[in-house]
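Colleague: My structure is below; once you've seen it, I'll send some questions.
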Amino acid sequence: MAAELLRAPEAARRLEIPTKELLRLIYERKIRYVMVKGIAHIPDDAVEEYRAKPA
């Protein structure tokens, strides 16, 4: 089953961080993302992966 792709505001909401912070994570490649028509989307399983990483 393919992972659901989340836009930045929804992924940030699920991670309980500001969207600006999520965009920084994308820029620094600390969270997986895919580009869809020039817009970064975060797979919902990438949100869980990031959440599971030790701080």
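In the structure tokens, chains take the letters A, B, ... in the order shown, each chain's residues start at 1, and ligands count up from 1 in the order shown.
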Which residues are near stretch 34-48 of chain A? Cut-off 6 Å, only C-alpha atoms, ignore same chain within fewer than 6 positions. Put them as an MDAnalysis selection string.
Modeller: chainID A and resid 3:7
Colleague: As an MDAnalysis selection string, which residues of stretch 1-40 of chain A does DSSP assign to alpha helix (DSSP H)?
Modeller: chainID A and resid 8:15 19:27
Colleague: Among chain A, which residues carry a DSSP assignment of strand (DSSP E or B), reported as a list in words?
Modeller: Leu5, Leu6, Arg7, Val34, Met35, Val36, Ile39, Ala40, His41, Ile42 and Pro43 of chain A
Colleague: Residues as selected, C-alpha atoms, written as a PDB file, in the first residue's frame, can you do that?
Modeller:
```
ATOM      1  CA  LEU A   5       1.390  12.195   0.783  1.00  0.00           C
ATOM      2  CA  LEU A   6       0.909  15.117   3.146  1.00  0.00           C
ATOM      3  CA  ARG A   7       1.413  18.778   2.343  1.00  0.00           C
ATOM      4  CA  VAL A  34       8.834  13.777  -2.496  1.00  0.00           C
ATOM      5  CA  MET A  35       8.235  16.550  -4.992  1.00  0.00           C
ATOM      6  CA  VAL A  36       4.830  16.662  -6.679  1.00  0.00           C
ATOM      7  CA  ILE A  39       5.677  21.164  -4.115  1.00  0.00           C
ATOM      8  CA  ALA A  40       7.296  19.121  -1.344  1.00  0.00           C
ATOM      9  CA  HIS A  41       5.046  16.443   0.145  1.00  0.00           C
ATOM     10  CA  ILE A  42       5.892  14.292   3.145  1.00  0.00           C
ATOM     11  CA  PRO A  43       4.827  10.619   3.123  1.00  0.00           C
TER      12      PRO A  43
END
```
Colleague: Given only C-alpha atoms as the basis, pick out the residue of A:Glu10, A:Glu49, A:Pro54, A:Thr19 nearest to A:Ile31.
Modeller: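 That would be A:Glu49, the residue with the smallest distance to A:Ile31.
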Colleague: Could you please determine the separation between atom CA of A:Tyr50 and atom CA of A:Lys20 in Å, to one decimal place?
Modeller: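 So the answer is 16.2 Å.
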Colleague: Rounded to one decimal in Å, what is the spacing between atom CA of A:Ala11 and atom CA of A:Glu28?
Modeller: 16.1 Å
Colleague: Please compute the atom CA of A:Glu16-atom CA of A:Lys53 distance, one decimal, in Å.
Modeller: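 Spanning atom CA of A:Glu16 to atom CA of A:Lys53 is a straight-line distance of 15.1 Å.
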